[in-house]
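Visitor: Sharing my_file-v2.cif below, mmCIF, C-alpha atoms, pLDDT in the B column; chains and numbers go by the auth columns:
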```cif
data_start
loop_
_atom_site.group_PDB
_atom_site.id
_atom_site.type_symbol
_atom_site.label_atom_id
_atom_site.label_comp_id
_atom_site.label_asym_id
_atom_site.label_seq_id
_atom_site.Cartn_x
_atom_site.Cartn_y
_atom_site.Cartn_z
_atom_site.B_iso_or_equiv
_atom_site.auth_seq_id
_atom_site.auth_asym_id
ATOM 1 C CA MET A 1 11.225 25.075 -25.905 39.00 817 A
ATOM 2 C CA HIS A 2 11.958 21.364 -26.146 40.00 818 A
ATOM 3 C CA MET A 3 14.845 21.742 -23.696 37.00 819 A
ATOM 4 C CA ILE A 4 12.485 23.296 -21.127 36.00 820 A
ATOM 5 C CA GLU A 5 9.900 20.551 -21.663 39.00 821 A
ATOM 6 C CA ASP A 6 12.581 17.850 -21.373 46.00 822 A
ATOM 7 C CA ALA A 7 13.837 19.401 -18.142 43.00 823 A
ATOM 8 C CA ASN A 8 10.331 19.447 -16.702 48.00 824 A
ATOM 9 C CA ILE A 9 9.840 15.787 -17.591 51.00 825 A
ATOM 10 C CA THR A 10 13.156 14.848 -16.001 55.00 826 A
ATOM 11 C CA ASP A 11 12.303 16.818 -12.860 65.00 827 A
ATOM 12 C CA ALA A 12 9.030 14.895 -12.569 74.00 828 A
ATOM 13 C CA TYR A 13 11.088 11.713 -12.164 82.00 829 A
ATOM 14 C CA ALA A 14 13.703 13.195 -9.844 80.00 830 A
ATOM 15 C CA PHE A 15 12.554 10.911 -7.002 80.00 831 A
ATOM 16 C CA LEU A 16 13.903 7.897 -8.920 83.00 832 A
ATOM 17 C CA ALA A 17 17.532 6.958 -8.341 81.00 833 A
ATOM 18 C CA PRO A 18 19.797 4.419 -10.079 82.00 834 A
ATOM 19 C CA ILE A 19 19.162 0.974 -8.675 78.00 835 A
ATOM 20 C CA ASN A 20 21.824 -1.414 -7.448 74.00 836 A
ATOM 21 C CA LEU A 21 21.561 -4.166 -10.008 65.00 837 A
ATOM 22 C CA PRO A 22 22.335 -7.800 -9.213 61.00 838 A
ATOM 23 C CA THR A 23 25.383 -9.261 -10.899 53.00 839 A
ATOM 24 C CA ARG A 24 23.206 -11.758 -12.794 57.00 840 A
ATOM 25 C CA GLY A 25 19.495 -11.624 -13.573 60.00 841 A
ATOM 26 C CA GLY A 26 16.756 -10.067 -11.516 85.00 842 A
ATOM 27 C CA THR A 27 16.842 -6.643 -13.193 88.00 843 A
ATOM 28 C CA THR A 28 13.170 -6.791 -14.193 91.00 844 A
ATOM 29 C CA ASP A 29 12.206 -7.758 -10.638 89.00 845 A
ATOM 30 C CA HIS A 30 14.107 -4.771 -9.262 89.00 846 A
ATOM 31 C CA VAL A 31 12.578 -2.355 -11.758 92.00 847 A
ATOM 32 C CA THR A 32 9.108 -3.744 -11.068 92.00 848 A
ATOM 33 C CA THR A 33 9.558 -3.177 -7.338 88.00 849 A
ATOM 34 C CA VAL A 34 10.817 0.385 -7.836 91.00 850 A
ATOM 35 C CA LEU A 35 7.977 1.344 -10.170 93.00 851 A
ATOM 36 C CA ARG A 36 5.342 -0.368 -8.031 89.00 852 A
ATOM 37 C CA ASP A 37 6.569 1.553 -4.986 87.00 853 A
ATOM 38 C CA ALA A 38 6.525 4.786 -7.008 90.00 854 A
ATOM 39 C CA ILE A 39 2.899 4.177 -7.988 89.00 855 A
ATOM 40 C CA VAL A 40 1.781 3.108 -4.525 84.00 856 A
ATOM 41 C CA THR A 41 3.354 6.189 -2.918 81.00 857 A
ATOM 42 C CA SER A 42 1.989 8.471 -5.685 80.00 858 A
ATOM 43 C CA GLY A 43 5.448 9.437 -6.904 86.00 859 A
ATOM 44 C CA LEU A 44 3.817 8.378 -10.167 90.00 860 A
ATOM 45 C CA PRO A 45 0.295 9.668 -9.478 87.00 861 A
ATOM 46 C CA PRO A 46 -2.991 8.267 -10.810 88.00 862 A
ATOM 47 C CA GLY A 47 -3.553 9.286 -14.428 88.00 863 A
ATOM 48 C CA ALA A 48 0.105 10.161 -15.116 90.00 864 A
ATOM 49 C CA LEU A 49 1.617 9.174 -18.467 91.00 865 A
ATOM 50 C CA ILE A 50 4.844 7.228 -18.054 93.00 866 A
ATOM 51 C CA ASN A 51 7.970 8.236 -19.963 92.00 867 A
ATOM 52 C CA LYS A 52 9.970 5.042 -20.448 92.00 868 A
ATOM 53 C CA HIS A 53 13.020 6.851 -21.807 92.00 869 A
ATOM 54 C CA VAL A 54 13.421 9.036 -18.719 93.00 870 A
ATOM 55 C CA ILE A 55 12.796 6.086 -16.386 93.00 871 A
ATOM 56 C CA CYS A 56 15.552 4.126 -18.135 93.00 872 A
ATOM 57 C CA GLU A 57 17.929 7.059 -17.685 91.00 873 A
ATOM 58 C CA ARG A 58 17.025 7.618 -14.035 92.00 874 A
ATOM 59 C CA LEU A 59 17.288 3.935 -13.070 92.00 875 A
ATOM 60 C CA GLY A 60 20.313 3.214 -15.236 91.00 876 A
ATOM 61 C CA VAL A 61 18.729 0.280 -17.061 92.00 877 A
ATOM 62 C CA SER A 62 17.854 -0.648 -20.632 92.00 878 A
ATOM 63 C CA ARG A 63 14.394 -0.349 -22.122 93.00 879 A
ATOM 64 C CA PHE A 64 13.585 -4.071 -21.951 93.00 880 A
ATOM 65 C CA PRO A 65 13.290 -4.487 -18.145 94.00 881 A
ATOM 66 C CA VAL A 66 11.224 -1.296 -17.929 95.00 882 A
ATOM 67 C CA SER A 67 8.813 -2.584 -20.581 94.00 883 A
ATOM 68 C CA GLU A 68 8.586 -5.967 -18.876 95.00 884 A
ATOM 69 C CA ALA A 69 8.011 -4.326 -15.492 94.00 885 A
ATOM 70 C CA LEU A 70 5.175 -2.243 -16.913 95.00 886 A
ATOM 71 C CA ASN A 71 3.600 -5.364 -18.394 94.00 887 A
ATOM 72 C CA ARG A 72 3.647 -6.929 -14.918 91.00 888 A
ATOM 73 C CA LEU A 73 2.171 -3.812 -13.369 92.00 889 A
ATOM 74 C CA GLN A 74 -0.568 -3.828 -15.988 91.00 890 A
ATOM 75 C CA THR A 75 -1.478 -7.347 -14.821 87.00 891 A
ATOM 76 C CA GLU A 76 -1.670 -5.989 -11.262 81.00 892 A
ATOM 77 C CA GLY A 77 -3.990 -3.214 -12.445 83.00 893 A
ATOM 78 C CA LEU A 78 -1.561 -0.399 -11.601 88.00 894 A
ATOM 79 C CA VAL A 79 -0.911 0.789 -15.169 92.00 895 A
ATOM 80 C CA GLU A 80 -2.718 0.605 -18.482 93.00 896 A
ATOM 81 C CA ILE A 81 -0.991 0.368 -21.847 88.00 897 A
ATOM 82 C CA LEU A 82 -2.746 2.598 -24.377 88.00 898 A
ATOM 83 C CA PRO A 83 -2.304 1.714 -28.079 84.00 899 A
ATOM 84 C CA GLN A 84 -0.367 4.436 -29.909 80.00 900 A
ATOM 85 C CA ARG A 85 -0.354 6.607 -26.767 83.00 901 A
ATOM 86 C CA GLY A 86 1.981 4.949 -24.283 88.00 902 A
ATOM 87 C CA THR A 87 1.480 3.781 -20.715 93.00 903 A
ATOM 88 C CA ARG A 88 -0.510 5.530 -18.011 93.00 904 A
ATOM 89 C CA VAL A 89 -0.859 4.989 -14.279 93.00 905 A
ATOM 90 C CA THR A 90 -4.416 3.847 -13.702 90.00 906 A
ATOM 91 C CA LYS A 91 -6.792 5.799 -11.597 88.00 907 A
ATOM 92 C CA ILE A 92 -7.788 3.991 -8.428 86.00 908 A
ATOM 93 C CA ARG A 93 -10.812 1.815 -9.082 86.00 909 A
ATOM 94 C CA ILE A 94 -13.039 1.599 -6.053 87.00 910 A
ATOM 95 C CA SER A 95 -14.179 -1.836 -7.229 87.00 911 A
ATOM 96 C CA ASP A 96 -10.533 -3.020 -7.060 85.00 912 A
ATOM 97 C CA VAL A 97 -10.152 -1.480 -3.610 87.00 913 A
ATOM 98 C CA GLU A 98 -13.297 -3.253 -2.432 90.00 914 A
ATOM 99 C CA GLU A 99 -11.978 -6.574 -3.711 90.00 915 A
ATOM 100 C CA SER A 100 -8.639 -6.013 -1.997 88.00 916 A
ATOM 101 C CA MET A 101 -10.414 -5.142 1.231 92.00 917 A
ATOM 102 C CA PHE A 102 -12.586 -8.257 0.927 94.00 918 A
ATOM 103 C CA ILE A 103 -9.429 -10.370 0.832 93.00 919 A
ATOM 104 C CA ARG A 104 -7.837 -8.529 3.739 92.00 920 A
ATOM 105 C CA ARG A 105 -10.983 -8.641 5.862 95.00 921 A
ATOM 106 C CA ALA A 106 -11.385 -12.402 5.410 96.00 922 A
ATOM 107 C CA LEU A 107 -7.744 -13.273 6.033 95.00 923 A
ATOM 108 C CA GLU A 108 -6.804 -10.750 8.706 96.00 924 A
ATOM 109 C CA ALA A 109 -9.913 -11.378 10.795 97.00 925 A
ATOM 110 C CA GLU A 110 -9.169 -15.108 10.693 97.00 926 A
ATOM 111 C CA THR A 111 -5.513 -14.391 11.485 97.00 927 A
ATOM 112 C CA VAL A 112 -6.267 -12.653 14.779 98.00 928 A
ATOM 113 C CA ARG A 113 -9.018 -15.159 15.611 98.00 929 A
ATOM 114 C CA GLN A 114 -6.480 -17.977 15.490 97.00 930 A
ATOM 115 C CA LEU A 115 -3.539 -16.010 16.827 97.00 931 A
ATOM 116 C CA ALA A 116 -5.058 -14.403 19.941 98.00 932 A
ATOM 117 C CA PRO A 117 -5.360 -17.549 22.106 97.00 933 A
ATOM 118 C CA GLN A 118 -1.771 -18.595 21.377 96.00 934 A
ATOM 119 C CA ALA A 119 0.129 -15.360 20.735 96.00 935 A
ATOM 120 C CA SER A 120 3.586 -15.353 22.282 97.00 936 A
ATOM 121 C CA GLU A 121 4.665 -12.794 24.846 97.00 937 A
ATOM 122 C CA ALA A 122 7.147 -11.496 22.284 97.00 938 A
ATOM 123 C CA THR A 123 4.313 -10.792 19.832 98.00 939 A
ATOM 124 C CA LEU A 124 2.262 -9.014 22.474 98.00 940 A
ATOM 125 C CA THR A 125 5.306 -6.975 23.460 98.00 941 A
ATOM 126 C CA ASP A 126 5.863 -5.966 19.842 98.00 942 A
ATOM 127 C CA LEU A 127 2.213 -4.934 19.540 98.00 943 A
ATOM 128 C CA GLU A 128 2.333 -2.951 22.786 98.00 944 A
ATOM 129 C CA ARG A 129 5.454 -1.098 21.622 98.00 945 A
ATOM 130 C CA ASN A 130 3.830 -0.388 18.278 98.00 946 A
ATOM 131 C CA MET A 131 0.736 1.032 20.000 98.00 947 A
ATOM 132 C CA ARG A 132 2.899 3.350 22.104 98.00 948 A
ATOM 133 C CA TYR A 133 4.656 4.601 18.988 98.00 949 A
ATOM 134 C CA GLN A 134 1.299 5.127 17.259 97.00 950 A
ATOM 135 C CA GLN A 135 0.207 7.333 20.158 97.00 951 A
ATOM 136 C CA SER A 136 3.462 9.285 19.950 97.00 952 A
ATOM 137 C CA ALA A 137 2.931 9.816 16.207 95.00 953 A
ATOM 138 C CA ILE A 138 -0.566 11.155 16.881 93.00 954 A
ATOM 139 C CA ASP A 139 0.743 13.485 19.578 95.00 955 A
ATOM 140 C CA ALA A 140 3.333 14.821 17.100 95.00 956 A
ATOM 141 C CA ASP A 141 0.796 14.948 14.236 91.00 957 A
ATOM 142 C CA ASP A 142 3.229 12.762 12.287 92.00 958 A
ATOM 143 C CA ARG A 143 0.842 11.308 9.717 87.00 959 A
ATOM 144 C CA GLN A 144 3.491 9.651 7.570 86.00 960 A
ATOM 145 C CA GLY A 145 5.075 8.092 10.633 92.00 961 A
ATOM 146 C CA PHE A 146 1.687 6.891 11.816 92.00 962 A
ATOM 147 C CA HIS A 147 1.020 5.323 8.438 88.00 963 A
ATOM 148 C CA MET A 148 4.253 3.324 8.626 91.00 964 A
ATOM 149 C CA LEU A 149 3.323 2.167 12.139 95.00 965 A
ATOM 150 C CA ASP A 150 -0.117 1.174 10.831 93.00 966 A
ATOM 151 C CA LEU A 151 1.574 -1.069 8.262 91.00 967 A
ATOM 152 C CA GLU A 152 3.875 -2.471 10.933 96.00 968 A
ATOM 153 C CA PHE A 153 0.941 -3.288 13.233 97.00 969 A
ATOM 154 C CA HIS A 154 -0.571 -5.542 10.586 95.00 970 A
ATOM 155 C CA ARG A 155 2.838 -6.967 9.663 95.00 971 A
ATOM 156 C CA ILE A 156 3.486 -8.045 13.265 97.00 972 A
ATOM 157 C CA LEU A 157 0.243 -10.033 13.227 96.00 973 A
ATOM 158 C CA MET A 158 1.008 -11.647 9.868 94.00 974 A
ATOM 159 C CA GLU A 159 4.519 -12.627 10.865 94.00 975 A
ATOM 160 C CA ALA A 160 3.310 -14.076 14.165 96.00 976 A
ATOM 161 C CA LEU A 161 0.853 -16.355 12.355 93.00 977 A
ATOM 162 C CA ALA A 162 3.759 -17.525 10.147 90.00 978 A
ATOM 163 C CA TYR A 163 1.604 -18.640 7.222 92.00 979 A
ATOM 164 C CA GLY A 164 3.692 -17.519 4.274 89.00 980 A
ATOM 165 C CA ARG A 165 1.015 -17.953 1.619 91.00 981 A
ATOM 166 C CA VAL A 166 -1.525 -16.016 3.663 91.00 982 A
ATOM 167 C CA ARG A 167 0.877 -13.118 4.029 87.00 983 A
ATOM 168 C CA ALA A 168 1.760 -13.228 0.318 85.00 984 A
ATOM 169 C CA THR A 169 -1.925 -13.127 -0.623 86.00 985 A
ATOM 170 C CA ILE A 170 -2.559 -10.128 1.625 85.00 986 A
ATOM 171 C CA ASP A 171 0.537 -8.342 0.306 81.00 987 A
ATOM 172 C CA SER A 172 -0.523 -8.881 -3.316 76.00 988 A
ATOM 173 C CA ALA A 173 -3.970 -7.433 -2.543 78.00 989 A
ATOM 174 C CA ARG A 174 -2.530 -4.374 -0.845 76.00 990 A
ATOM 175 C CA ALA A 175 -1.172 -2.277 -3.758 71.00 991 A
ATOM 176 C CA ASN A 176 -4.355 -0.537 -4.955 69.00 992 A
ATOM 177 C CA LEU A 177 -5.603 -0.289 -1.389 80.00 993 A
ATOM 178 C CA GLU A 178 -2.309 1.203 -0.283 80.00 994 A
ATOM 179 C CA ARG A 179 -2.488 3.872 -2.994 81.00 995 A
ATOM 180 C CA ALA A 180 -5.893 4.929 -1.702 79.00 996 A
ATOM 181 C CA ARG A 181 -4.825 4.848 1.946 77.00 997 A
ATOM 182 C CA ARG A 182 -1.863 7.143 1.301 76.00 998 A
ATOM 183 C CA ILE A 183 -4.124 9.724 -0.309 72.00 999 A
ATOM 184 C CA LEU A 184 -6.065 9.756 2.962 70.00 1000 A
ATOM 185 C CA LEU A 185 -2.987 10.661 5.027 66.00 1001 A
ATOM 186 C CA GLY A 186 -4.117 14.267 5.237 58.00 1002 A
ATOM 187 C CA MET A 187 -7.511 13.291 6.646 62.00 1003 A
ATOM 188 C CA PRO A 188 -8.325 13.079 10.368 61.00 1004 A
ATOM 189 C CA GLY A 189 -9.270 9.384 10.231 66.00 1005 A
ATOM 190 C CA TYR A 190 -5.906 8.188 11.485 76.00 1006 A
ATOM 191 C CA VAL A 191 -6.987 8.868 15.079 87.00 1007 A
ATOM 192 C CA ALA A 192 -9.912 6.485 14.548 91.00 1008 A
ATOM 193 C CA THR A 193 -7.434 3.963 13.142 92.00 1009 A
ATOM 194 C CA TYR A 194 -5.497 4.114 16.411 95.00 1010 A
ATOM 195 C CA SER A 195 -8.696 3.401 18.334 96.00 1011 A
ATOM 196 C CA ASP A 196 -9.432 0.459 16.033 97.00 1012 A
ATOM 197 C CA HIS A 197 -5.947 -0.941 16.538 98.00 1013 A
ATOM 198 C CA LEU A 198 -6.299 -0.530 20.292 98.00 1014 A
ATOM 199 C CA ASN A 199 -9.462 -2.641 20.228 98.00 1015 A
ATOM 200 C CA VAL A 200 -7.637 -5.380 18.335 98.00 1016 A
ATOM 201 C CA TYR A 201 -4.645 -5.204 20.679 98.00 1017 A
ATOM 202 C CA GLU A 202 -6.765 -5.377 23.834 98.00 1018 A
ATOM 203 C CA ALA A 203 -8.602 -8.424 22.501 98.00 1019 A
ATOM 204 C CA MET A 204 -5.228 -10.044 21.740 98.00 1020 A
ATOM 205 C CA VAL A 205 -4.020 -9.389 25.279 98.00 1021 A
ATOM 206 C CA ALA A 206 -7.270 -10.881 26.635 98.00 1022 A
ATOM 207 C CA ARG A 207 -6.695 -13.974 24.446 98.00 1023 A
ATOM 208 C CA ASP A 208 -10.113 -13.313 22.928 98.00 1024 A
ATOM 209 C CA GLY A 209 -9.910 -14.604 19.375 98.00 1025 A
ATOM 210 C CA GLU A 210 -13.506 -13.831 18.474 98.00 1026 A
ATOM 211 C CA GLY A 211 -13.270 -10.339 19.941 98.00 1027 A
ATOM 212 C CA ALA A 212 -10.086 -9.685 17.990 98.00 1028 A
ATOM 213 C CA ALA A 213 -11.743 -10.852 14.757 98.00 1029 A
ATOM 214 C CA VAL A 214 -14.760 -8.598 15.348 98.00 1030 A
ATOM 215 C CA ALA A 215 -12.466 -5.639 16.067 98.00 1031 A
ATOM 216 C CA MET A 216 -10.367 -6.273 12.955 98.00 1032 A
ATOM 217 C CA THR A 217 -13.474 -6.580 10.780 98.00 1033 A
ATOM 218 C CA ALA A 218 -14.889 -3.334 12.183 98.00 1034 A
ATOM 219 C CA HIS A 219 -11.555 -1.593 11.544 96.00 1035 A
ATOM 220 C CA LEU A 220 -11.334 -2.636 7.900 95.00 1036 A
ATOM 221 C CA ASN A 221 -15.016 -1.898 7.281 95.00 1037 A
ATOM 222 C CA ARG A 222 -14.563 1.625 8.642 93.00 1038 A
ATOM 223 C CA VAL A 223 -11.541 2.244 6.445 90.00 1039 A
ATOM 224 C CA MET A 224 -13.451 1.047 3.383 91.00 1040 A
ATOM 225 C CA SER A 225 -16.408 3.308 4.144 91.00 1041 A
ATOM 226 C CA GLU A 226 -14.030 6.242 4.541 87.00 1042 A
ATOM 227 C CA LEU A 227 -12.393 5.515 1.197 87.00 1043 A
ATOM 228 C CA VAL A 228 -15.696 5.251 -0.670 88.00 1044 A
ATOM 229 C CA ALA A 229 -16.897 8.551 0.774 87.00 1045 A
ATOM 230 C CA PHE A 230 -13.605 10.284 -0.035 84.00 1046 A
ATOM 231 C CA SER A 231 -13.453 8.928 -3.598 84.00 1047 A
ATOM 232 C CA LYS A 232 -16.544 10.887 -4.570 85.00 1048 A
ATOM 233 C CA SER A 233 -14.698 14.164 -4.053 82.00 1049 A
ATOM 234 C CA ARG A 234 -11.590 13.191 -6.079 81.00 1050 A
ATOM 235 C CA PRO A 235 -12.675 12.146 -9.611 83.00 1051 A
ATOM 236 C CA GLU A 236 -9.208 12.967 -10.941 80.00 1052 A
ATOM 237 C CA VAL A 237 -7.791 10.154 -8.791 82.00 1053 A
ATOM 238 C CA PHE A 238 -10.610 7.621 -8.463 85.00 1054 A
ATOM 239 C CA GLU A 239 -12.598 5.840 -11.158 81.00 1055 A
ATOM 240 C CA PRO A 240 -16.330 6.101 -10.410 68.00 1056 A
ATOM 241 C CA MET A 241 -18.112 3.074 -8.995 64.00 1057 A
ATOM 242 C CA ASP A 242 -20.032 0.968 -11.504 59.00 1058 A
#
```
Could you write out this file's structure as structure tokens?
Guide:
Amino acid sequence: MHMIEDANITDAYAFLAPINLPTRGGTTDHVTTVLRDAIVTSGLPPGALINKHVICERLGVSRFPVSEALNRLQTEGLVEILPQRGTRVTKIRISDVEESMFIRRALEAETVRQLAPQASEATLTDLERNMRYQQSAIDADDRQGFHMLDLEFHRILMEALAYGRVRATIDSARANLERARRILLGMPGYVATYSDHLNVYEAMVARDGEGAAVAMTAHLNRVMSELVAFSKSRPEVFEPMD
């Protein structure tokens, strides 16, 4: 009986592979990144209890960096450490998602407002190529591919602005939001996301900073409204709003 249970637990972590460790230091950073990615992509789904022993075996590391990584992820709100019970992946708190979206809306709208009048031809070319690929992903009903192109669209804008601290702030706010967005991959809203991106892109091409900011704000507001509506039907994944 225990052998069957142990096998099932191990299978649940089969997506984890041994990490390439640095020769000196940095192990905790690597483990943190792997576990954060697993939570964001729902490899470790909301509400799941975390088995440290199996994670250590799968990643090929000792218990210490795993414990330290989980402490960091608790600070980020991605896990909760339960006294006498272990560690659990948190459900997605809509209040956290709203805060993350507040940060993104403020910074990304200002990013395109400043960037549009001075964007280089290389940046516009990258955006145009990205938009073509988004359309191809829609035509192929490739939702995962579209999601990656969605992330790239925003990354192109952040990199073009070249404000490292702004990008770092947006990236740090993205984890809980990204978890929620991935759950929406099966929903039809990604076609609306393409339309939103097109509005931003066209304003960038027109060198219309204010228009780009309005389009970006409308895009992020729509996504947030979609997430709030969807959360009400998935109580096993989302914490209720206060």
Visitor: From the options A:Asp845, A:Leu875, A:Val856, A:Tyr979, which residue's atoms come nearest to Ala833 in chain A, counting all atoms listed in the file?
Guide: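 Answer, going by the shortest atom-to-atom distance: A:Leu875.
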Visitor: List the residues selected by the PyMOL selection byres ((chain A and resi 1008) around 12) in the file shown, writing them as a compact mmCIF listing (two decimals) with C-alpha atoms, in the frame of the given file.
Guide:
```
# COMPACT_ATOMS: atom_id res chain seq x y z
CA GLN A 950 1.30 5.13 17.26
CA GLN A 951 0.21 7.33 20.16
CA ILE A 954 -0.57 11.16 16.88
CA PHE A 962 1.69 6.89 11.82
CA ASP A 966 -0.12 1.17 10.83
CA MET A 1003 -7.51 13.29 6.65
CA PRO A 1004 -8.32 13.08 10.37
CA GLY A 1005 -9.27 9.38 10.23
CA TYR A 1006 -5.91 8.19 11.48
CA VAL A 1007 -6.99 8.87 15.08
CA THR A 1009 -7.43 3.96 13.14
CA TYR A 1010 -5.50 4.11 16.41
CA SER A 1011 -8.70 3.40 18.33
CA ASP A 1012 -9.43 0.46 16.03
CA HIS A 1013 -5.95 -0.94 16.54
CA LEU A 1014 -6.30 -0.53 20.29
CA ASN A 1015 -9.46 -2.64 20.23
CA ALA A 1034 -14.89 -3.33 12.18
CA HIS A 1035 -11.56 -1.59 11.54
CA LEU A 1036 -11.33 -2.64 7.90
CA ARG A 1038 -14.56 1.62 8.64
CA VAL A 1039 -11.54 2.24 6.44
CA GLU A 1042 -14.03 6.24 4.54
```
Visitor: For this structure, which residues satisfy the selection - the PyMOL selection byres ((chain A and resi 880) around 12) - when it is evaluated on the file as given? I want them as a list in words.
Guide: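 Applied to this file, the PyMOL selection byres ((chain A and resi 880) around 12) selects Thr843, Thr844, Asp845, Val847, Thr848, Lys868, His869, Ile871, Cys872, Gly876, Val877, Ser878, Arg879, Pro881, Val882, Ser883, Glu884, Ala885, Leu886 and Asn887 of chain A.
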Visitor: Please, what distance in Å, to one decimal, runs between CA of Arg981 in chain A and CA of Ala1022 in chain A?
Guide: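 Rounded to one decimal, the two atoms are 27.3 Å apart.
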Visitor: Kindly give the distance, in Å, that separates CA of Arg920 in chain A and CA of Leu967 in chain A, rounded to a single decimal.
Guide: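 For CA of Arg920 in chain A relative to CA of Leu967 in chain A, the distance reads 12.8 Å.
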Visitor: Give me the result of the PyMOL selection byres ((chain A and resi 898-907) around 9) on this file, residue by residue, as a list in words.
Guide: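 On this input, the PyMOL selection byres ((chain A and resi 898-907) around 9) captures Ile855, Leu860, Pro861, Pro862, Gly863, Ala864, Leu865, Ile866, Asn867, Lys868, Leu886, Gln890, Gly893, Leu894, Val895, Glu896, Ile897, Ile908, Arg909, Pro1051, Glu1052, Val1053, Phe1054 and Glu1055 of chain A.
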Visitor: I'd like the neighbourhood of Leu923 in chain A as a PyMOL selection string, where a residue qualifies if any of its atoms comes within 12 Å (using only C-alpha atoms), though same-chain residues fewer than 5 positions away should be ignored.
Guide: chain A and resi 916-918+928-931+970+973-974+977+979+981-987+989+1029+1032-1033+1036
Visitor: Quick check, in Å to one decimal: how far apart do CA of Ala938 in chain A and CA of Gly980 in chain A lie?
Guide: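 These two atoms are separated by 19.3 Å.
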Visitor: From the options A:Met1040, A:Gly842, A:Arg948, A:Thr927, which residue's atoms come nearest to Ala1028 in chain A, counting only C-alpha atoms?
Guide: A:Thr927
Visitor: A:Ala925, A:Val1016, A:Leu889, A:Val870: which is nearest Val850 in chain A, counting only C-alpha atoms?
Guide: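 Closest to Val850 in chain A, using only C-alpha atoms: A:Leu889.
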Visitor: Select, from A:Arg874, A:Arg990, A:Arg971, A:Arg852, the residue with the minimum atom-to-atom distance to Leu943 in chain A, counting only C-alpha atoms.
Guide: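 Of A:Arg874, A:Arg990, A:Arg971, A:Arg852, the one nearest Leu943 in chain A, counting only C-alpha atoms, is A:Arg971.
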Visitor: So which one's closest to Arg959 in chain A, A:Arg997, A:Thr941, A:Ala828, A:Ala935? Using all atoms listed in the file, please.
Guide: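 Nearest to Arg959 in chain A: A:Arg997.
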Visitor: For Ala953 in chain A, which residue out of A:Leu965, A:Thr857, A:Arg995, A:Asp1024 is the nearest one, using all atoms listed in the file?
Guide: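 Closest residue, counting all atoms listed in the file: A:Leu965.
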